[in-house]
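**Q** Dumping the structure here so I can ask a few things about it.
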Amino acid sequence: LNSAIAPRDIRLMAIRSAIDEFDHHDELLHDEELELRADHILFQKLAYALMMDPGSDEVGYICSAMEMVYRASKMRLAKSFHDISEALLPVFVDMIRPPPSWEYNREIRKQKQRSPKNGVEMDDKVSNGTEEQKEEAFFDMTNTGGSQSSDR
């Protein structure tokens, strides 16, 4: 795992290797893995992977490895969470929070439901436009109460 901050293909190979090692149901061995700080190392790798690409398969692999390591005894698991919970909890919350684009798309769907005539015009901007055009369209929709200006 220590080579997991390297080029992406090497990181993935290291994480897959760790998964092969961690995928068992021997509680005592998982306790030992936690004593060797596998949880800390995986958390470090998770934070790095989330910074690089939050939607990557790498993030999923690391989470799988963490689940496997956390098959430890309840006492050792509690110690691990106590050790890294302050740093881990915000990361988990960010992982399960919808991305900013989800909120943007939700607002557009609401606008379409309220005004079908403008929804078609908005739909074209959203599906074919640049990010700036999408933001402008959203700004127009929210500031005009759903009506589009006639000069467009």
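Please note that chains go A, B, ... in the order of the structure tokens, that every chain numbers its residues from 1, and that ligands are numbered from 1 in the order shown.
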With only C-alpha atoms as the counted atoms, please give the residues lying no more than 10 Å from Glu33 of chain A, apart from itself and same-chain residues fewer than 5 positions off, as a PyMOL selection string.
**A** chain A and resi 21-22+27-28+38-39+69-70+72
**Q** Deliver the residues from the most recent selection as a file, using C-alpha atoms, as an mmCIF file, in the first residue's frame.
**A**
data_model
loop_
_atom_site.group_PDB
_atom_site.id
_atom_site.type_symbol
_atom_site.label_atom_id
_atom_site.label_comp_id
_atom_site.auth_asym_id
_atom_site.auth_seq_id
_atom_site.Cartn_x
_atom_site.Cartn_y
_atom_site.Cartn_z
ATOM 1 C CA GLU A 21 -4.587 -9.733 1.210
ATOM 2 C CA PHE A 22 -7.504 -8.241 3.162
ATOM 3 C CA GLU A 27 -10.954 -11.412 12.828
ATOM 4 C CA LEU A 28 -7.595 -11.760 14.579
ATOM 5 C CA ALA A 38 -3.783 -0.351 7.536
ATOM 6 C CA ASP A 39 -6.748 1.886 8.375
ATOM 7 C CA VAL A 69 -9.888 -4.349 7.090
ATOM 8 C CA TYR A 70 -12.823 -3.313 9.273
ATOM 9 C CA ALA A 72 -11.877 -6.812 12.769
#
**Q** Between atom CA of His30 of chain A and atom CA of Tyr48 of chain A, what distance in Å does the model show, to one decimal?
**A**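 Interatomic distance here is 23.4 Å.
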**Q** Compile the contact shell of segment 11-18 of chain A as a PyMOL selection string: residues with an atom at most 12 Å away, counting only C-alpha atoms, same-chain residues fewer than 2 positions apart removed.
**A** chain A and resi 1-9+20-24+33+38-39+41-42+45-46+48-49+56-69
**Q** Find the residues near Ala47 of chain A: any atom within 10 Å, counting only C-alpha atoms, skip ones fewer than 3 places away on the same chain, and give them as a short mmCIF file (atom, residue, chain, number, x, y, z; two decimals) with all heavy atoms, in the first residue's frame.
**A**
data_model
loop_
_atom_site.label_atom_id
_atom_site.label_comp_id
_atom_site.auth_asym_id
_atom_site.auth_seq_id
_atom_site.Cartn_x
_atom_site.Cartn_y
_atom_site.Cartn_z
N LEU A 42 -4.94 3.33 4.41
CA LEU A 42 -6.05 3.35 3.46
C LEU A 42 -6.76 4.70 3.47
O LEU A 42 -7.18 5.20 2.42
CB LEU A 42 -7.03 2.22 3.76
CG LEU A 42 -6.54 0.83 3.37
CD1 LEU A 42 -7.44 -0.25 3.98
CD2 LEU A 42 -6.47 0.68 1.86
N PHE A 43 -6.90 5.29 4.64
CA PHE A 43 -7.53 6.60 4.71
C PHE A 43 -6.70 7.63 3.94
O PHE A 43 -7.24 8.45 3.21
CB PHE A 43 -7.72 7.05 6.16
CG PHE A 43 -8.24 8.45 6.25
CD1 PHE A 43 -9.52 8.76 5.82
CD2 PHE A 43 -7.44 9.46 6.73
CE1 PHE A 43 -9.99 10.07 5.87
CE2 PHE A 43 -7.90 10.76 6.79
CZ PHE A 43 -9.18 11.07 6.36
N GLN A 44 -5.39 7.58 4.10
CA GLN A 44 -4.52 8.49 3.36
C GLN A 44 -4.71 8.31 1.85
O GLN A 44 -4.82 9.27 1.10
CB GLN A 44 -3.07 8.24 3.75
CG GLN A 44 -2.09 9.09 2.97
CD GLN A 44 -0.65 8.65 3.17
OE1 GLN A 44 -0.38 7.49 3.49
NE2 GLN A 44 0.28 9.56 2.96
N LEU A 50 -9.68 10.76 -3.65
CA LEU A 50 -10.82 11.67 -3.73
C LEU A 50 -10.40 13.03 -4.27
O LEU A 50 -11.16 13.68 -4.99
CB LEU A 50 -11.48 11.82 -2.35
CG LEU A 50 -12.31 10.64 -1.90
CD1 LEU A 50 -12.68 10.78 -0.43
CD2 LEU A 50 -13.57 10.51 -2.75
N MET A 51 -9.21 13.46 -3.92
CA MET A 51 -8.70 14.74 -4.42
C MET A 51 -8.43 14.65 -5.93
O MET A 51 -8.72 15.59 -6.66
CB MET A 51 -7.42 15.11 -3.68
CG MET A 51 -6.84 16.45 -4.12
SD MET A 51 -5.22 16.75 -3.39
CE MET A 51 -4.22 15.55 -4.27
N MET A 52 -7.93 13.51 -6.37
CA MET A 52 -7.59 13.34 -7.79
C MET A 52 -8.83 13.18 -8.66
O MET A 52 -8.95 13.83 -9.69
CB MET A 52 -6.65 12.14 -7.97
CG MET A 52 -5.32 12.28 -7.27
SD MET A 52 -4.39 13.72 -7.79
CE MET A 52 -3.95 13.29 -9.43
N PRO A 54 -12.91 12.08 -7.56
CA PRO A 54 -13.85 11.50 -6.59
C PRO A 54 -14.72 10.38 -7.15
O PRO A 54 -15.18 9.54 -6.41
CB PRO A 54 -14.72 12.69 -6.17
CG PRO A 54 -14.06 13.90 -6.66
CD PRO A 54 -13.11 13.51 -7.74
N VAL A 59 -11.33 5.02 -5.94
CA VAL A 59 -12.02 5.31 -4.69
C VAL A 59 -12.82 4.09 -4.24
O VAL A 59 -12.79 3.70 -3.07
CB VAL A 59 -12.95 6.54 -4.84
CG1 VAL A 59 -13.84 6.71 -3.62
CG2 VAL A 59 -12.12 7.80 -5.07
N ILE A 62 -10.50 1.38 -2.84
CA ILE A 62 -9.99 1.72 -1.51
C ILE A 62 -11.08 1.51 -0.47
O ILE A 62 -10.82 0.96 0.61
CB ILE A 62 -9.45 3.16 -1.48
CG1 ILE A 62 -8.22 3.27 -2.39
CG2 ILE A 62 -9.09 3.56 -0.05
CD1 ILE A 62 -7.78 4.70 -2.66
N ALA A 87 -10.97 12.82 11.24
CA ALA A 87 -10.59 13.05 9.84
C ALA A 87 -11.48 12.26 8.89
O ALA A 87 -11.79 12.72 7.79
CB ALA A 87 -9.13 12.66 9.63
N LEU A 88 -11.90 11.08 9.30
CA LEU A 88 -12.64 10.18 8.42
C LEU A 88 -14.09 10.61 8.21
O LEU A 88 -14.61 10.55 7.09
CB LEU A 88 -12.60 8.76 8.99
CG LEU A 88 -13.09 7.63 8.11
CD1 LEU A 88 -12.28 7.54 6.84
CD2 LEU A 88 -13.01 6.32 8.88
N VAL A 91 -14.79 13.16 5.43
CA VAL A 91 -14.55 12.56 4.13
C VAL A 91 -15.75 11.70 3.73
O VAL A 91 -16.23 11.77 2.59
CB VAL A 91 -13.25 11.72 4.13
CG1 VAL A 91 -13.11 10.90 2.86
CG2 VAL A 91 -12.05 12.64 4.31
#
**Q** Could you tell me how far atom CA of Asp31 of chain A sits from atom CA of Ser73 of chain A, in Å to one decimal place?
**A**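 Computing the Euclidean distance for atom CA of Ser73 of chain A and atom CA of Asp31 of chain A yields 6.5 Å.
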**Q** Hey, can you check how far atom CA of Glu32 of chain A sits from atom CA of Met75 of chain A?
**A**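 Taking atom CA of Glu32 of chain A as the start and atom CA of Met75 of chain A as the end point, the length is 12.3 Å.
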